[in-house]
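Have a look at input_22.csv below; it lists CSV, C-alpha atoms.
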chain,number,residue,atom,x,y,z
F,1,MET,CA,10.7,6.4,-7.5
F,2,PRO,CA,10.6,3.5,-5.0
F,3,THR,CA,7.3,1.7,-4.4
F,4,LEU,CA,6.1,-0.6,-1.6
F,5,ASP,CA,3.8,-3.5,-2.1
F,6,ARG,CA,2.7,-6.2,0.3
F,7,GLN,CA,2.3,-9.9,-0.7
F,8,ASP,CA,0.6,-11.6,2.3
F,9,ASN,CA,3.1,-10.8,5.1
F,10,VAL,CA,6.1,-10.0,2.9
F,11,PHE,CA,6.7,-6.3,2.0
F,12,LEU,CA,8.3,-5.9,-1.4
F,13,LEU,CA,10.2,-2.6,-1.8
F,14,ASP,CA,11.0,-1.9,-5.4
F,15,ILE,CA,13.7,0.8,-5.4
F,16,GLY,CA,13.3,1.7,-9.1
F,17,ASP,CA,14.0,0.9,-12.7
F,18,ASP,CA,17.0,3.1,-13.6
F,19,GLU,CA,20.3,3.5,-11.8
F,20,ASN,CA,18.5,4.0,-8.5
F,21,ARG,CA,21.0,6.5,-7.2
F,22,PHE,CA,20.6,8.0,-3.8
F,23,HIS,CA,18.9,11.3,-4.6
F,24,PRO,CA,17.4,13.0,-1.5
F,25,ASP,CA,13.9,12.4,-2.9
F,26,TRP,CA,14.7,8.7,-3.4
F,27,LEU,CA,16.1,8.5,0.2
F,28,ALA,CA,12.9,10.1,1.5
F,29,SER,CA,10.8,7.7,-0.4
F,30,VAL,CA,12.7,4.6,0.8
F,31,ASN,CA,12.5,5.9,4.4
F,32,ALA,CA,8.7,6.4,4.1
F,33,ALA,CA,8.4,2.8,2.9
F,34,LEU,CA,10.5,1.6,5.8
F,35,ASP,CA,8.2,3.6,8.2
F,36,GLU,CA,5.3,1.5,6.9
F,37,VAL,CA,7.2,-1.7,7.4
F,38,GLU,CA,8.2,-0.8,10.9
F,39,LYS,CA,4.7,0.3,12.0
F,40,ALA,CA,3.0,-2.8,10.8
F,41,GLU,CA,2.3,-5.5,13.4
F,42,GLY,CA,2.6,-9.2,13.4
F,43,PRO,CA,4.7,-11.5,11.3
F,44,ARG,CA,6.4,-9.8,8.4
F,45,ALA,CA,9.6,-9.5,6.4
F,46,LEU,CA,11.1,-7.2,3.7
F,47,VAL,CA,12.4,-7.9,0.3
F,48,THR,CA,14.2,-5.0,-1.5
F,49,ALA,CA,14.4,-5.4,-5.2
F,50,ALA,CA,14.7,-3.4,-8.4
F,51,THR,CA,14.0,-3.7,-12.1
F,52,GLY,CA,16.2,-3.1,-15.1
F,53,LYS,CA,20.0,-3.1,-15.4
F,54,PHE,CA,20.8,-1.9,-12.0
F,55,PHE,CA,19.9,-2.7,-8.4
F,56,SER,CA,21.6,0.5,-7.4
F,57,ASN,CA,24.5,2.6,-8.6
F,58,GLY,CA,24.9,4.3,-5.3
F,59,LEU,CA,25.4,8.0,-4.4
F,60,ASP,CA,23.9,10.6,-6.7
F,61,LEU,CA,27.2,12.3,-7.7
F,62,ASP,CA,25.5,14.7,-10.0
F,63,TRP,CA,23.3,16.0,-7.2
F,64,LEU,CA,26.3,16.2,-4.9
F,65,SER,CA,28.3,18.3,-7.3
F,66,ALA,CA,25.5,20.7,-7.6
F,67,HIS,CA,24.8,21.0,-3.9
F,68,GLY,CA,28.2,21.2,-2.3
F,69,ASP,CA,26.8,23.1,0.7
F,70,ARG,CA,24.7,20.1,1.7
F,71,TYR,CA,27.5,17.5,1.4
F,72,GLU,CA,27.6,16.6,5.1
F,73,ASP,CA,23.8,16.4,5.5
F,74,TYR,CA,23.6,14.1,2.5
F,75,PHE,CA,26.1,11.7,4.0
F,76,VAL,CA,24.3,11.8,7.3
F,77,SER,CA,21.1,10.7,5.5
F,78,VAL,CA,22.9,7.9,3.6
F,79,HIS,CA,24.5,6.6,6.7
F,80,ALA,CA,21.2,6.7,8.5
F,81,LEU,CA,19.6,4.6,5.8
F,82,PHE,CA,22.4,2.0,6.1
F,83,ALA,CA,22.0,1.9,9.9
F,84,ARG,CA,18.2,1.7,9.6
F,85,VAL,CA,18.2,-1.3,7.3
F,86,LEU,CA,21.0,-3.0,9.3
F,87,SER,CA,19.0,-2.8,12.5
F,88,LEU,CA,15.5,-3.2,11.1
F,89,PRO,CA,13.4,-5.4,13.4
F,90,VAL,CA,12.3,-7.7,10.5
F,91,ILE,CA,14.3,-10.1,8.3
F,92,THR,CA,15.4,-8.3,5.2
F,93,VAL,CA,16.5,-9.8,1.9
F,94,ALA,CA,18.1,-7.9,-1.1
F,95,ALA,CA,17.2,-9.3,-4.5
F,96,LEU,CA,20.1,-8.2,-6.8
F,97,GLN,CA,18.8,-8.6,-10.4
F,98,GLY,CA,21.4,-6.2,-11.8
F,99,HIS,CA,24.5,-4.2,-10.9
F,100,ALA,CA,25.1,-3.2,-7.3
F,101,PHE,CA,27.9,-0.7,-7.2
F,102,ALA,CA,29.4,1.5,-4.4
F,103,ALA,CA,26.7,2.7,-1.9
F,104,GLY,CA,24.3,0.4,-3.8
F,105,ALA,CA,26.4,-2.6,-2.9
F,106,MET,CA,26.7,-1.3,0.7
F,107,LEU,CA,22.9,-1.0,0.9
F,108,SER,CA,22.7,-4.7,-0.1
F,109,LEU,CA,25.2,-5.5,2.7
F,110,ALA,CA,22.9,-3.9,5.3
F,111,HIS,CA,20.3,-6.6,4.5
F,112,ASP,CA,20.3,-9.9,6.4
F,113,PHE,CA,20.4,-11.9,3.2
F,114,ARG,CA,21.3,-11.3,-0.5
F,115,VAL,CA,20.2,-13.2,-3.6
F,116,MET,CA,22.1,-12.3,-6.9
F,117,ARG,CA,21.7,-13.1,-10.5
F,118,ALA,CA,24.4,-15.7,-11.4
F,119,ASP,CA,25.0,-15.0,-15.1
F,120,ARG,CA,25.0,-11.2,-15.5
F,121,GLY,CA,25.6,-8.1,-13.3
F,122,PHE,CA,28.3,-7.2,-10.9
F,123,TRP,CA,28.7,-6.4,-7.2
F,124,CYS,CA,31.5,-3.9,-6.7
F,125,LEU,CA,33.0,-1.3,-4.4
F,126,PRO,CA,34.9,0.9,-6.9
F,127,GLU,CA,35.8,3.7,-4.5
F,128,VAL,CA,39.6,3.0,-4.9
F,129,ASP,CA,39.3,3.5,-8.7
F,130,ILE,CA,37.2,6.7,-8.5
F,131,ASN,CA,39.2,8.3,-5.7
F,132,ILE,CA,36.5,8.5,-3.2
F,133,PRO,CA,37.6,7.0,0.2
F,134,PHE,CA,35.1,5.1,2.3
F,135,THR,CA,33.8,7.0,5.2
F,136,ARG,CA,34.3,5.5,8.6
F,137,GLY,CA,30.7,4.5,8.7
F,138,MET,CA,30.9,2.8,5.3
F,139,SER,CA,34.1,1.0,6.3
F,140,ALA,CA,32.5,-0.2,9.5
F,141,LEU,CA,29.4,-1.5,7.6
F,142,ILE,CA,31.4,-3.4,5.0
F,143,GLN,CA,33.8,-4.9,7.6
F,144,SER,CA,30.9,-6.0,9.8
F,145,ARG,CA,29.2,-7.9,7.1
F,146,LEU,CA,32.1,-9.5,5.1
F,147,VAL,CA,34.8,-11.8,6.3
F,148,PRO,CA,38.2,-9.9,6.6
F,149,GLN,CA,39.8,-11.4,3.4
F,150,THR,CA,36.8,-10.5,1.2
F,151,ALA,CA,36.3,-7.1,2.7
F,152,HIS,CA,40.0,-6.3,2.1
F,153,GLU,CA,39.9,-7.5,-1.5
F,154,ALA,CA,36.7,-5.7,-2.3
F,155,MET,CA,37.8,-2.4,-0.7
F,156,VAL,CA,41.4,-2.2,-1.9
F,157,THR,CA,41.1,-3.6,-5.4
F,158,GLY,CA,37.6,-2.6,-6.5
F,159,ARG,CA,37.0,-6.1,-7.8
F,160,ARG,CA,33.9,-6.7,-9.8
F,161,TYR,CA,32.2,-9.8,-8.5
F,162,GLY,CA,29.8,-11.7,-10.7
F,163,GLY,CA,27.0,-13.6,-9.0
F,164,THR,CA,28.8,-17.0,-8.7
F,165,ASP,CA,32.0,-15.4,-7.5
F,166,ALA,CA,30.1,-13.2,-5.0
F,167,GLU,CA,28.4,-16.4,-3.6
F,168,THR,CA,31.8,-18.1,-3.3
F,169,ALA,CA,33.2,-15.0,-1.5
F,170,GLY,CA,30.3,-14.9,0.9
F,171,ILE,CA,29.0,-11.6,-0.4
F,172,VAL,CA,25.7,-13.0,-1.4
F,173,ASP,CA,23.9,-16.1,0.0
F,174,HIS,CA,22.6,-17.4,-3.3
F,175,ALA,CA,23.4,-16.9,-7.0
F,176,VAL,CA,20.5,-18.0,-9.1
F,177,THR,CA,19.0,-17.6,-12.6
F,178,GLU,CA,17.5,-14.2,-13.6
F,179,ASP,CA,14.0,-15.4,-13.3
F,180,ALA,CA,14.6,-16.9,-9.8
F,181,VAL,CA,16.2,-13.9,-8.1
F,182,ARG,CA,13.0,-12.3,-6.7
F,183,SER,CA,11.2,-15.5,-6.1
F,184,THR,CA,14.1,-16.9,-4.1
F,185,ALA,CA,14.3,-13.7,-2.1
F,186,MET,CA,10.6,-14.0,-1.4
F,187,ASP,CA,10.9,-17.6,-0.3
F,188,ILE,CA,13.7,-16.7,2.2
F,189,ALA,CA,11.6,-13.9,3.6
F,190,ARG,CA,8.5,-16.1,4.0
F,191,VAL,CA,10.4,-18.7,6.1
F,192,GLN,CA,11.5,-15.9,8.5
F,193,LEU,CA,8.2,-14.1,9.0
F,194,SER,CA,7.9,-15.0,12.7
F,195,LYS,CA,11.2,-13.5,13.6
F,196,ALA,CA,9.9,-9.9,13.3
F,197,GLY,CA,9.8,-7.8,16.5
F,198,ASP,CA,11.7,-6.1,19.2
F,199,THR,CA,13.8,-9.1,20.1
F,200,LEU,CA,15.2,-9.3,16.5
F,201,GLY,CA,15.9,-5.6,16.6
F,202,THR,CA,17.8,-6.0,19.8
F,203,ILE,CA,19.8,-8.9,18.5
F,204,LYS,CA,20.8,-6.9,15.4
F,205,ALA,CA,21.8,-3.9,17.5
F,206,ARG,CA,24.0,-6.0,19.7
F,207,MET,CA,25.6,-7.8,16.8
F,208,TYR,CA,26.6,-4.6,15.1
F,209,PRO,CA,27.3,-2.0,17.8
F,210,ILE,CA,30.4,-0.5,16.2
F,211,ALA,CA,28.9,-0.2,12.7
F,212,LEU,CA,25.7,1.3,14.0
F,213,THR,CA,27.4,3.8,16.3
F,214,THR,CA,29.7,4.9,13.6
F,215,LEU,CA,26.9,5.2,11.0
F,216,ARG,CA,24.8,7.3,13.4
F,217,ASP,CA,27.6,9.6,14.3
F,218,ILE,CA,26.6,13.0,12.9
F,219,THR,CA,29.5,15.0,14.2
F,220,ASP,CA,31.8,14.3,11.3
F,221,PRO,CA,30.2,12.0,8.8
F,222,LEU,CA,32.8,12.5,6.1
F,223,ASP,CA,35.7,11.4,8.4
Any chance you could put this one into structure tokens?
Amino acid sequence: MPTLDRQDNVFLLDIGDDENRFHPDWLASVNAALDEVEKAEGPRALVTAATGKFFSNGLDLDWLSAHGDRYEDYFVSVHALFARVLSLPVITVAALQGHAFAAGAMLSLAHDFRVMRADRGFWCLPEVDINIPFTRGMSALIQSRLVPQTAHEAMVTGRRYGGTDAETAGIVDHAVTEDAVRSTAMDIARVQLSKAGDTLGTIKARMYPIALTTLRDITDPLD
């Protein structure tokens, strides 16, 4: 399960050491960690990281197949997490030490900055290949954070981007060696500590009104 640590004024959220799929318990744990980050005062920033082969493999499809009656509620909670991270009133950095697929890749996009391992691991939106269309909220998030050409290619082809290619495409900000992923993310966060607060939250809300409104729409989350 996810754990939250604090190193001086940088919160480090480790989201797990397996596929880190979005099980409801996992979502609740991440939200509890974000509650702690939000209620803290003063300069602060957030780094989201993982250990092992995956950053996150996205939706928990096994849980979904066993709980079809909770499908809509589940997507509401996933969308809410994306919206929360996208509008969090602190600088956020995703440290991608391994694969970021589907909703896991989308979670990385909700962060302000991304650092990815250069030599191994993929960032990928495979929905076109697994026959699961993006929800409107997911589409709005992706298109708000990537340039149109990259968003188009990623969404309609399901391309797997290695770290260097992801950096070239503007998906991640830095592609670095394995041992530098987390430290680079921490360095970025430390530089931005003073930005935390209501002003930053307002700036983000006004930058991404369409994505946030769509992600927070609970009337038909599967549309």
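The smallest atom-to-atom distance between Pro126 in chain F and any of F:Pro148, F:Gly197, F:Gly16, F:Gly104, using only C-alpha atoms, is found for F:Gly104.
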For Met138 in chain F, the closest of F:Val156, F:Ala180, F:Ala185, F:Leu212 counting all atoms listed in the file is F:Leu212
- Could you please determine the separation between CA of Ala94 in chain F and CA of Val47 in chain F in Å, to one decimal place?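 Separation of CA of Ala94 in chain F and CA of Val47 in chain F: 5.9 Å.
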In Å and to one decimal, CA of Val85 in chain F is distant from CA of Met106 in chain F by 10.8 Å
Among F:Met1, F:Pro43, F:Ser77, F:Ser56, Ser29 in chain F is approached most closely, using all atoms listed in the file, by F:Met1
*Find the residues around Ala103 in chain F up to 10 Å (all atoms listed in the file counted), leave out those fewer than 5 positions away in its own chain, and share them as a PyMOL selection string.*
chain F and resi 21-22+56-60+78-79+82+108-109+124-127+134+138
Residue selection dump (C-alpha atoms) as a short mmCIF file (atom, residue, chain, number, x, y, z; two decimals), in the coordinates of the input:
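Here's the written file out.cif:
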data_model
loop_
_atom_site.label_atom_id
_atom_site.label_comp_id
_atom_site.auth_asym_id
_atom_site.auth_seq_id
_atom_site.Cartn_x
_atom_site.Cartn_y
_atom_site.Cartn_z
CA ARG F 21 21.00 6.50 -7.20
CA PHE F 22 20.60 8.00 -3.80
CA SER F 56 21.60 0.50 -7.40
CA ASN F 57 24.50 2.60 -8.60
CA GLY F 58 24.90 4.30 -5.30
CA LEU F 59 25.40 8.00 -4.40
CA ASP F 60 23.90 10.60 -6.70
CA VAL F 78 22.90 7.90 3.60
CA HIS F 79 24.50 6.60 6.70
CA PHE F 82 22.40 2.00 6.10
CA SER F 108 22.70 -4.70 -0.10
CA LEU F 109 25.20 -5.50 2.70
CA CYS F 124 31.50 -3.90 -6.70
CA LEU F 125 33.00 -1.30 -4.40
CA PRO F 126 34.90 0.90 -6.90
CA GLU F 127 35.80 3.70 -4.50
CA PHE F 134 35.10 5.10 2.30
CA MET F 138 30.90 2.80 5.30
#
Margin query: One decimal, in Å: what's the spacing between CA of Ala205 in chain F and CA of Ala175 in chain F?
Written below: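 Straight-line distance from CA of Ala205 in chain F to CA of Ala175 in chain F works out to 27.8 Å.
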- Message: Taking only C-alpha atoms into account, name the residue in F:Thr177, F:Thr214, F:Thr164, F:Asn20 that is nearest to Phe101 in chain F.
- Response: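 Using only C-alpha atoms, the shortest distance to Phe101 in chain F belongs to F:Asn20.
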Practice task
Can you pull out every residue within 8 Å of Thr150 in chain F, counting all atoms listed in the file, but drop anything in the same chain fewer than 3 positions away, and send it as a PyMOL selection string?
Solution key: chain F and resi 146-147+153-154+169-170
*If you count only C-alpha atoms, which residues fall within 9 Å of Leu34 in chain F, apart from same-chain ones fewer than 3 positions away, as a list in words?*
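In the requested form, the answer reads Leu4, Leu13, Ser29, Val30, Asn31, Val37, Glu38, Lys39, Arg84, Val85 and Leu88 of chain F.
In terms of minimum interatomic distance to Arg145 in chain F, F:His111 ranks closest within F:Arg182, F:Lys53, F:His111, F:Arg6, counting only C-alpha atoms.
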Using all atoms listed in the file - which residues lie no farther than 10 Å from the point (18.3, -10.1, 4.2) in the file's frame? Write them as a PDB file with C-alpha atoms, keeping the file's coordinate frame.
ATOM      1  CA  ALA F  45       9.600  -9.500   6.400  1.00  0.00           C
ATOM      2  CA  LEU F  46      11.100  -7.200   3.700  1.00  0.00           C
ATOM      3  CA  VAL F  47      12.400  -7.900   0.300  1.00  0.00           C
ATOM      4  CA  THR F  48      14.200  -5.000  -1.500  1.00  0.00           C
ATOM      5  CA  VAL F  85      18.200  -1.300   7.300  1.00  0.00           C
ATOM      6  CA  LEU F  86      21.000  -3.000   9.300  1.00  0.00           C
ATOM      7  CA  VAL F  90      12.300  -7.700  10.500  1.00  0.00           C
ATOM      8  CA  ILE F  91      14.300 -10.100   8.300  1.00  0.00           C
ATOM      9  CA  THR F  92      15.400  -8.300   5.200  1.00  0.00           C
ATOM     10  CA  VAL F  93      16.500  -9.800   1.900  1.00  0.00           C
ATOM     11  CA  ALA F  94      18.100  -7.900  -1.100  1.00  0.00           C
ATOM     12  CA  ALA F  95      17.200  -9.300  -4.500  1.00  0.00           C
ATOM     13  CA  SER F 108      22.700  -4.700  -0.100  1.00  0.00           C
ATOM     14  CA  LEU F 109      25.200  -5.500   2.700  1.00  0.00           C
ATOM     15  CA  ALA F 110      22.900  -3.900   5.300  1.00  0.00           C
ATOM     16  CA  HIS F 111      20.300  -6.600   4.500  1.00  0.00           C
ATOM     17  CA  ASP F 112      20.300  -9.900   6.400  1.00  0.00           C
ATOM     18  CA  PHE F 113      20.400 -11.900   3.200  1.00  0.00           C
ATOM     19  CA  ARG F 114      21.300 -11.300  -0.500  1.00  0.00           C
ATOM     20  CA  VAL F 115      20.200 -13.200  -3.600  1.00  0.00           C
ATOM     21  CA  VAL F 172      25.700 -13.000  -1.400  1.00  0.00           C
ATOM     22  CA  ASP F 173      23.900 -16.100   0.000  1.00  0.00           C
ATOM     23  CA  ALA F 185      14.300 -13.700  -2.100  1.00  0.00           C
ATOM     24  CA  ILE F 188      13.700 -16.700   2.200  1.00  0.00           C
ATOM     25  CA  ALA F 189      11.600 -13.900   3.600  1.00  0.00           C
ATOM     26  CA  GLN F 192      11.500 -15.900   8.500  1.00  0.00           C
TER      27      GLN F 192
END
| query | So which residues touch Asp217 in chain F within 12 Å, counting all atoms listed in the file, skipping near sequence neighbours fewer than 6 positions away, as a list in words? | reply |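 The filter keeps Glu72, Asp73, Phe75, Val76, Ser77, Val78, His79, Ala80, Ala83, Thr135, Arg136, Gly137, Met138, Ala140, Ile210, Ala211 and Asp223 of chain F.
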query = Any idea what's packed within 10 Å of Asp8 in chain F, counting all atoms listed in the file, ignoring anything in its chain fewer than 3 positions away? Could you give it as JSON, numbers by chain?
reply = {"F": [5, 11, 43, 44, 190]}
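Using only C-alpha atoms, the shortest contact distance between Pro221 in chain F and any of F:Ala33, F:Ala105, F:Tyr74, F:Thr199 is found at F:Tyr74.
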task = Kindly extract all protein, DNA and RNA residues lying within 12 Å of the coordinates (24.1, -15.1, -12.1) given in the file, considering all atoms listed in the file, and supply them as an MDAnalysis selection string.
result = chainID F and resid 95:99 115:123 161:167 172 174:181
